[in-house]
$ cat query15.pdb   # PDB, C-alpha atoms, pLDDT in the B column
MODEL        1
ATOM      1  CA  MET A   1     -16.286 -33.556  27.853  1.00 37.00           C
ATOM      2  CA  GLU A   2     -14.371 -33.739  31.086  1.00 39.00           C
ATOM      3  CA  GLY A   3     -10.630 -33.650  30.642  1.00 40.00           C
ATOM      4  CA  ALA A   4     -10.865 -32.636  26.963  1.00 40.00           C
ATOM      5  CA  ALA A   5      -8.064 -30.377  25.793  1.00 41.00           C
ATOM      6  CA  PHE A   6      -8.387 -27.684  23.182  1.00 39.00           C
ATOM      7  CA  LEU A   7      -5.716 -28.177  20.535  1.00 43.00           C
ATOM      8  CA  GLY A   8      -5.937 -25.076  18.393  1.00 42.00           C
ATOM      9  CA  LYS A   9      -4.080 -21.852  17.777  1.00 41.00           C
ATOM     10  CA  LEU A  10      -4.942 -18.494  16.262  1.00 39.00           C
ATOM     11  CA  VAL A  11      -3.254 -18.010  12.910  1.00 40.00           C
ATOM     12  CA  SER A  12      -3.604 -16.041   9.719  1.00 38.00           C
ATOM     13  CA  TYR A  13      -3.058 -17.827   6.389  1.00 40.00           C
ATOM     14  CA  PRO A  14      -2.712 -16.465   2.864  1.00 39.00           C
ATOM     15  CA  LEU A  15      -5.737 -17.186   0.688  1.00 37.00           C
ATOM     16  CA  THR A  16      -5.193 -19.892  -1.935  1.00 37.00           C
ATOM     17  CA  ASP A  17      -7.858 -21.453  -4.139  1.00 37.00           C
ATOM     18  CA  PHE A  18     -10.590 -20.067  -1.892  1.00 37.00           C
ATOM     19  CA  GLN A  19     -13.810 -21.976  -2.628  1.00 38.00           C
ATOM     20  CA  CYS A  20     -16.570 -20.812  -0.271  1.00 47.00           C
ATOM     21  CA  HIS A  21     -19.081 -19.116  -2.583  1.00 49.00           C
ATOM     22  CA  ASP A  22     -20.782 -17.086   0.169  1.00 52.00           C
ATOM     23  CA  TYR A  23     -17.464 -15.495   1.118  1.00 55.00           C
ATOM     24  CA  GLN A  24     -15.615 -15.627  -2.189  1.00 50.00           C
ATOM     25  CA  GLU A  25     -16.570 -12.153  -3.410  1.00 51.00           C
ATOM     26  CA  THR A  26     -15.880 -10.556  -0.048  1.00 50.00           C
ATOM     27  CA  PHE A  27     -12.629 -12.214   0.997  1.00 47.00           C
ATOM     28  CA  TYR A  28     -10.993 -13.416  -2.217  1.00 49.00           C
ATOM     29  CA  ALA A  29      -9.022 -10.181  -2.677  1.00 53.00           C
ATOM     30  CA  LYS A  30      -7.703 -10.212   0.899  1.00 59.00           C
ATOM     31  CA  PRO A  31      -4.127 -11.474   1.272  1.00 58.00           C
ATOM     32  CA  ARG A  32      -4.791 -12.960   4.736  1.00 67.00           C
ATOM     33  CA  TYR A  33      -7.803 -13.987   6.790  1.00 73.00           C
ATOM     34  CA  PRO A  34      -8.511 -14.473  10.503  1.00 81.00           C
ATOM     35  CA  ALA A  35      -8.728 -18.157  11.360  1.00 85.00           C
ATOM     36  CA  MET A  36      -8.320 -20.593  14.197  1.00 88.00           C
ATOM     37  CA  ASP A  37      -6.250 -23.567  13.068  1.00 90.00           C
ATOM     38  CA  ILE A  38      -6.911 -27.059  14.410  1.00 93.00           C
ATOM     39  CA  ALA A  39      -3.354 -28.253  14.873  1.00 91.00           C
ATOM     40  CA  TYR A  40      -4.033 -31.868  15.934  1.00 88.00           C
ATOM     41  CA  LEU A  41      -7.257 -33.809  16.287  1.00 92.00           C
ATOM     42  CA  ALA A  42      -7.367 -37.583  16.482  1.00 91.00           C
ATOM     43  CA  ILE A  43      -9.881 -40.089  17.777  1.00 92.00           C
ATOM     44  CA  GLN A  44      -8.688 -43.519  18.832  1.00 93.00           C
ATOM     45  CA  GLU A  45      -9.888 -46.071  16.272  1.00 90.00           C
ATOM     46  CA  LYS A  46     -12.167 -47.944  18.688  1.00 94.00           C
ATOM     47  CA  TRP A  47     -14.039 -44.673  19.420  1.00 93.00           C
ATOM     48  CA  ARG A  48     -14.525 -43.585  15.787  1.00 90.00           C
ATOM     49  CA  GLY A  49     -18.071 -43.527  14.446  1.00 91.00           C
ATOM     50  CA  LYS A  50     -19.496 -42.406  17.802  1.00 94.00           C
ATOM     51  CA  HIS A  51     -19.635 -38.677  16.838  1.00 94.00           C
ATOM     52  CA  ILE A  52     -16.854 -37.714  19.269  1.00 95.00           C
ATOM     53  CA  GLY A  53     -14.893 -35.938  16.524  1.00 94.00           C
ATOM     54  CA  ASP A  54     -18.015 -34.111  15.366  1.00 94.00           C
ATOM     55  CA  PHE A  55     -18.666 -33.041  18.970  1.00 95.00           C
ATOM     56  CA  LEU A  56     -15.098 -31.740  19.313  1.00 95.00           C
ATOM     57  CA  ILE A  57     -15.314 -29.764  16.045  1.00 95.00           C
ATOM     58  CA  LYS A  58     -18.576 -28.163  17.234  1.00 94.00           C
ATOM     59  CA  GLN A  59     -16.955 -27.258  20.564  1.00 94.00           C
ATOM     60  CA  ILE A  60     -13.904 -25.753  18.827  1.00 94.00           C
ATOM     61  CA  ALA A  61     -16.173 -23.753  16.472  1.00 93.00           C
ATOM     62  CA  ASP A  62     -18.206 -22.503  19.429  1.00 93.00           C
ATOM     63  CA  LEU A  63     -15.022 -21.474  21.246  1.00 91.00           C
ATOM     64  CA  ALA A  64     -13.760 -19.665  18.131  1.00 91.00           C
ATOM     65  CA  ARG A  65     -17.061 -17.752  17.834  1.00 90.00           C
ATOM     66  CA  ARG A  66     -17.040 -16.762  21.517  1.00 89.00           C
ATOM     67  CA  GLN A  67     -13.379 -15.756  21.877  1.00 83.00           C
ATOM     68  CA  THR A  68     -12.705 -12.020  21.921  1.00 79.00           C
ATOM     69  CA  LEU A  69      -8.988 -11.822  21.077  1.00 78.00           C
ATOM     70  CA  ALA A  70      -9.439 -11.842  17.306  1.00 75.00           C
ATOM     71  CA  GLY A  71     -12.281 -11.650  14.817  1.00 79.00           C
ATOM     72  CA  CYS A  72     -12.087 -15.266  13.671  1.00 83.00           C
ATOM     73  CA  GLN A  73     -14.048 -15.991  10.511  1.00 86.00           C
ATOM     74  CA  PHE A  74     -12.879 -19.546   9.794  1.00 89.00           C
ATOM     75  CA  LEU A  75     -11.583 -22.790  11.216  1.00 92.00           C
ATOM     76  CA  THR A  76      -8.732 -24.285   9.222  1.00 90.00           C
ATOM     77  CA  VAL A  77      -7.037 -27.673   9.270  1.00 94.00           C
ATOM     78  CA  GLU A  78      -4.411 -29.646   7.373  1.00 94.00           C
ATOM     79  CA  ALA A  79      -6.444 -32.850   6.946  1.00 95.00           C
ATOM     80  CA  LEU A  80      -4.432 -36.046   6.623  1.00 94.00           C
ATOM     81  CA  ALA A  81      -4.873 -37.438   3.111  1.00 93.00           C
ATOM     82  CA  THR A  82      -2.735 -40.510   2.439  1.00 92.00           C
ATOM     83  CA  LYS A  83      -3.359 -43.858   0.735  1.00 89.00           C
ATOM     84  CA  GLU A  84      -3.539 -45.527   4.148  1.00 92.00           C
ATOM     85  CA  TYR A  85      -5.903 -43.022   5.804  1.00 90.00           C
ATOM     86  CA  SER A  86      -7.750 -39.852   4.869  1.00 92.00           C
ATOM     87  CA  ALA A  87      -9.513 -37.485   7.260  1.00 93.00           C
ATOM     88  CA  VAL A  88     -10.866 -35.379   4.372  1.00 94.00           C
ATOM     89  CA  GLY A  89     -14.284 -37.111   4.386  1.00 93.00           C
ATOM     90  CA  PHE A  90     -14.651 -36.573   8.130  1.00 95.00           C
ATOM     91  CA  TYR A  91     -13.918 -32.859   7.822  1.00 95.00           C
ATOM     92  CA  GLU A  92     -16.273 -32.534   4.829  1.00 94.00           C
ATOM     93  CA  CYS A  93     -19.061 -34.081   6.944  1.00 93.00           C
ATOM     94  CA  CYS A  94     -18.293 -31.456   9.605  1.00 93.00           C
ATOM     95  CA  GLY A  95     -18.733 -28.624   7.083  1.00 92.00           C
ATOM     96  CA  PHE A  96     -15.145 -28.068   5.906  1.00 92.00           C
ATOM     97  CA  ALA A  97     -14.251 -27.513   2.248  1.00 90.00           C
ATOM     98  CA  PRO A  98     -10.886 -27.858   0.493  1.00 88.00           C
ATOM     99  CA  ASN A  99      -8.894 -24.642   0.313  1.00 83.00           C
ATOM    100  CA  GLU A 100      -6.444 -25.963  -2.263  1.00 83.00           C
ATOM    101  CA  VAL A 101      -6.074 -28.567  -4.971  1.00 83.00           C
ATOM    102  CA  LYS A 102      -4.587 -31.810  -3.614  1.00 85.00           C
ATOM    103  CA  LYS A 103      -0.849 -31.814  -4.273  1.00 87.00           C
ATOM    104  CA  PRO A 104       0.804 -35.210  -4.887  1.00 86.00           C
ATOM    105  CA  TYR A 105       3.853 -34.282  -2.807  1.00 89.00           C
ATOM    106  CA  LYS A 106       1.746 -33.414   0.284  1.00 92.00           C
ATOM    107  CA  ASP A 107       0.170 -35.893   2.732  1.00 94.00           C
ATOM    108  CA  THR A 108      -2.396 -33.304   3.829  1.00 94.00           C
ATOM    109  CA  LEU A 109      -5.115 -31.156   2.302  1.00 93.00           C
ATOM    110  CA  ARG A 110      -5.725 -27.633   3.623  1.00 90.00           C
ATOM    111  CA  MET A 111      -9.416 -27.226   4.464  1.00 90.00           C
ATOM    112  CA  TYR A 112     -11.551 -24.496   6.004  1.00 89.00           C
ATOM    113  CA  MET A 113     -14.969 -23.990   7.545  1.00 90.00           C
ATOM    114  CA  THR A 114     -16.762 -20.656   7.838  1.00 89.00           C
ATOM    115  CA  LEU A 115     -17.872 -19.810  11.365  1.00 89.00           C
ATOM    116  CA  TYR A 116     -20.702 -17.489  10.350  1.00 83.00           C
ATOM    117  CA  SER A 117     -23.249 -17.379   7.562  1.00 74.00           C
ATOM    118  CA  LYS A 118     -23.151 -14.440   5.173  1.00 64.00           C
ATOM    119  CA  ASP A 119     -26.314 -13.095   6.836  1.00 66.00           C
ATOM    120  CA  GLU A 120     -24.599 -13.071  10.238  1.00 64.00           C
ATOM    121  CA  VAL A 121     -21.586 -11.146   8.913  1.00 59.00           C
ATOM    122  CA  PHE A 122     -23.176  -8.544   6.645  1.00 56.00           C
ATOM    123  CA  ASP A 123     -26.129  -6.285   7.364  1.00 53.00           C
ATOM    124  CA  ASP A 124     -27.856  -5.609   4.038  1.00 51.00           C
TER     125      ASP A 124
ENDMDL
END
$ encode --input "query15.pdb" --output "structure tokens"
Amino acid sequence: MEGAAFLGKLVSYPLTDFQCHDYQETFYAKPRYPAMDIAYLAIQEKWRGKHIGDFLIKQIADLARRQTLAGCQFLTVEALATKEYSAVGFYECCGFAPNEVKKPYKDTLRMYMTLYSKDEVFDD
């Protein structure tokens, strides 16, 4: 997409309530994990439902896989989750899973998506 800006940053987060079964045994004991965090992603309401957000998530995931500065394993996001609007369903459709139990005092839900399948990461 011409003029599209990448809005992400490389970060490392402590593991909490890790739920990805393929990676659970391998990474659960690690105190931190390599991830690229999606800081802000919004689609203007009139453009929603046209797969623009899905396209952007795929582009960000592709960029995270191709970058050589860090061994990124995951994309992470704090998905907006309020009474008025929730982005959780959108991120679930894109392959993200909750990384924590929803807290009533928080307007977001931490979510993650693995960048590689278990077969791509481990040689058996």
$ atom_distance --input "query15.pdb" --atom1 "CA of Met113 (chain A)" --atom2 "CA of Lys46 (chain A)"
26.6 Å
$ atom_distance --input "query15.pdb" --atom1 "CA of Leu63 (chain A)" --atom2 "CA of Ile38 (chain A)"
12.0 Å
$ resolve_selection --input "query15.pdb" --expression "the PyMOL selection byres ((chain A and resi 83) around 12)" --output "list in words"
Leu80, Ala81, Thr82, Glu84, Tyr85, Ser86, Ala87, Val88, Pro104, Lys106, Asp107 and Thr108 of chain A
$ write_last_selection --input "query15.pdb" --atoms "C-alpha atoms" --output "PDB file, in the coordinates of the input"
ATOM      1  CA  LEU A  80      -4.432 -36.046   6.623  1.00 94.00           C
ATOM      2  CA  ALA A  81      -4.873 -37.438   3.111  1.00 93.00           C
ATOM      3  CA  THR A  82      -2.735 -40.510   2.439  1.00 92.00           C
ATOM      4  CA  GLU A  84      -3.539 -45.527   4.148  1.00 92.00           C
ATOM      5  CA  TYR A  85      -5.903 -43.022   5.804  1.00 90.00           C
ATOM      6  CA  SER A  86      -7.750 -39.852   4.869  1.00 92.00           C
ATOM      7  CA  ALA A  87      -9.513 -37.485   7.260  1.00 93.00           C
ATOM      8  CA  VAL A  88     -10.866 -35.379   4.372  1.00 94.00           C
ATOM      9  CA  PRO A 104       0.804 -35.210  -4.887  1.00 86.00           C
ATOM     10  CA  LYS A 106       1.746 -33.414   0.284  1.00 92.00           C
ATOM     11  CA  ASP A 107       0.170 -35.893   2.732  1.00 94.00           C
ATOM     12  CA  THR A 108      -2.396 -33.304   3.829  1.00 94.00           C
TER      13      THR A 108
END
$ atom_distance --input "query15.pdb" --atom1 "CA of Ala79 (chain A)" --atom2 "CA of Leu109 (chain A)"
5.1 Å
$ closest_residue --input "query15.pdb" --among "A:Phe74, A:Gly95, A:Phe90, A:Ala35" --to "Arg48 (chain A)" --atoms "all atoms listed in the file"
A:Phe90
$ resolve_selection --input "query15.pdb" --expression "the PyMOL selection byres ((chain A and resi 34) around 6)" --output "PyMOL selection string"
chain A and resi 12+33+35+72-73
$ resolve_selection --input "query15.pdb" --expression "the PyMOL selection byres ((chain A and resi 64) around 10)" --output "mmCIF file with C-alpha atoms, in the coordinates of the input"
data_model
loop_
_atom_site.group_PDB
_atom_site.id
_atom_site.type_symbol
_atom_site.label_atom_id
_atom_site.label_comp_id
_atom_site.auth_asym_id
_atom_site.auth_seq_id
_atom_site.Cartn_x
_atom_site.Cartn_y
_atom_site.Cartn_z
ATOM 1 C CA GLY A 8 -5.937 -25.076 18.393
ATOM 2 C CA LYS A 9 -4.080 -21.852 17.777
ATOM 3 C CA LEU A 10 -4.942 -18.494 16.262
ATOM 4 C CA ALA A 35 -8.728 -18.157 11.360
ATOM 5 C CA MET A 36 -8.320 -20.593 14.197
ATOM 6 C CA ASP A 37 -6.250 -23.567 13.068
ATOM 7 C CA LYS A 58 -18.576 -28.163 17.234
ATOM 8 C CA GLN A 59 -16.955 -27.258 20.564
ATOM 9 C CA ILE A 60 -13.904 -25.753 18.827
ATOM 10 C CA ALA A 61 -16.173 -23.753 16.472
ATOM 11 C CA ASP A 62 -18.206 -22.503 19.429
ATOM 12 C CA LEU A 63 -15.022 -21.474 21.246
ATOM 13 C CA ARG A 65 -17.061 -17.752 17.834
ATOM 14 C CA ARG A 66 -17.040 -16.762 21.517
ATOM 15 C CA GLN A 67 -13.379 -15.756 21.877
ATOM 16 C CA THR A 68 -12.705 -12.020 21.921
ATOM 17 C CA LEU A 69 -8.988 -11.822 21.077
ATOM 18 C CA ALA A 70 -9.439 -11.842 17.306
ATOM 19 C CA GLY A 71 -12.281 -11.650 14.817
ATOM 20 C CA CYS A 72 -12.087 -15.266 13.671
ATOM 21 C CA GLN A 73 -14.048 -15.991 10.511
ATOM 22 C CA PHE A 74 -12.879 -19.546 9.794
ATOM 23 C CA LEU A 75 -11.583 -22.790 11.216
ATOM 24 C CA LEU A 115 -17.872 -19.810 11.365
#
$ residues_around --input "query15.pdb" --residues "Arg110 (chain A)" --least-positions-apart "5" --cutoff "6 Å" --atoms "all atoms listed in the file" --output "list in words"
Val77, Glu78 and Asn99 of chain A
$ closest_residue --input "query15.pdb" --among "A:Ile57, A:Thr76, A:Thr114, A:Ile52" --to "Ala39 (chain A)" --atoms "only C-alpha atoms"
A:Thr76
$ build_atoms --input "query15.pdb" --residues "region 71-82 of chain A" --atoms "all heavy atoms" --output "compact mmCIF listing (two decimals), in the coordinates of the input"
# COMPACT_ATOMS: atom_id res chain seq x y z
N GLY A 71 -11.02 -11.47 15.54
CA GLY A 71 -12.28 -11.65 14.82
C GLY A 71 -12.22 -12.86 13.90
O GLY A 71 -12.17 -12.71 12.69
N CYS A 72 -12.18 -14.03 14.47
CA CYS A 72 -12.09 -15.27 13.67
C CYS A 72 -13.28 -15.41 12.74
O CYS A 72 -14.42 -15.27 13.17
CB CYS A 72 -12.02 -16.49 14.57
SG CYS A 72 -10.43 -16.72 15.31
N GLN A 73 -13.01 -15.74 11.50
CA GLN A 73 -14.05 -15.99 10.51
C GLN A 73 -14.10 -17.45 10.09
O GLN A 73 -15.10 -17.91 9.59
CB GLN A 73 -13.80 -15.14 9.26
CG GLN A 73 -13.86 -13.66 9.51
CD GLN A 73 -15.28 -13.21 9.81
OE1 GLN A 73 -16.23 -13.65 9.18
NE2 GLN A 73 -15.43 -12.35 10.78
N PHE A 74 -12.99 -18.19 10.30
CA PHE A 74 -12.88 -19.55 9.79
C PHE A 74 -12.17 -20.46 10.77
O PHE A 74 -11.38 -20.00 11.60
CB PHE A 74 -12.05 -19.57 8.50
CG PHE A 74 -12.52 -18.63 7.45
CD1 PHE A 74 -11.96 -17.37 7.33
CD2 PHE A 74 -13.53 -18.99 6.58
CE1 PHE A 74 -12.39 -16.49 6.36
CE2 PHE A 74 -13.97 -18.11 5.61
CZ PHE A 74 -13.40 -16.85 5.50
N LEU A 75 -12.44 -21.75 10.64
CA LEU A 75 -11.58 -22.79 11.22
C LEU A 75 -10.80 -23.35 10.05
O LEU A 75 -11.34 -23.49 8.94
CB LEU A 75 -12.40 -23.92 11.84
CG LEU A 75 -13.17 -23.61 13.11
CD1 LEU A 75 -13.89 -24.87 13.59
CD2 LEU A 75 -12.26 -23.08 14.20
N THR A 76 -9.54 -23.67 10.26
CA THR A 76 -8.73 -24.28 9.22
C THR A 76 -8.07 -25.54 9.78
O THR A 76 -7.90 -25.68 10.99
CB THR A 76 -7.65 -23.32 8.70
OG1 THR A 76 -6.81 -22.92 9.78
CG2 THR A 76 -8.26 -22.10 8.04
N VAL A 77 -7.70 -26.43 8.87
CA VAL A 77 -7.04 -27.67 9.27
C VAL A 77 -6.24 -28.21 8.08
O VAL A 77 -6.62 -27.98 6.93
CB VAL A 77 -8.07 -28.72 9.76
CG1 VAL A 77 -8.96 -29.19 8.64
CG2 VAL A 77 -7.40 -29.89 10.45
N GLU A 78 -5.14 -28.87 8.38
CA GLU A 78 -4.41 -29.65 7.37
C GLU A 78 -4.88 -31.08 7.57
O GLU A 78 -4.37 -31.81 8.44
CB GLU A 78 -2.89 -29.54 7.59
CG GLU A 78 -2.29 -28.24 7.14
CD GLU A 78 -2.11 -28.12 5.63
OE1 GLU A 78 -2.14 -29.14 4.92
OE2 GLU A 78 -1.96 -26.99 5.17
N ALA A 79 -5.86 -31.52 6.79
CA ALA A 79 -6.44 -32.85 6.95
C ALA A 79 -5.51 -33.91 6.35
O ALA A 79 -5.07 -33.76 5.21
CB ALA A 79 -7.80 -32.91 6.27
N LEU A 80 -5.25 -34.94 7.11
CA LEU A 80 -4.43 -36.05 6.62
C LEU A 80 -5.10 -36.67 5.41
O LEU A 80 -6.30 -36.94 5.42
CB LEU A 80 -4.25 -37.09 7.73
CG LEU A 80 -3.29 -38.23 7.44
CD1 LEU A 80 -1.87 -37.71 7.21
CD2 LEU A 80 -3.30 -39.23 8.58
N ALA A 81 -4.32 -36.89 4.35
CA ALA A 81 -4.87 -37.44 3.11
C ALA A 81 -3.82 -38.33 2.45
O ALA A 81 -3.13 -37.94 1.52
CB ALA A 81 -5.29 -36.31 2.17
N THR A 82 -3.70 -39.55 2.98
CA THR A 82 -2.74 -40.51 2.44
C THR A 82 -3.48 -41.72 1.88
O THR A 82 -4.69 -41.85 2.05
CB THR A 82 -1.75 -41.00 3.53
OG1 THR A 82 -2.47 -41.74 4.50
CG2 THR A 82 -1.03 -39.83 4.19
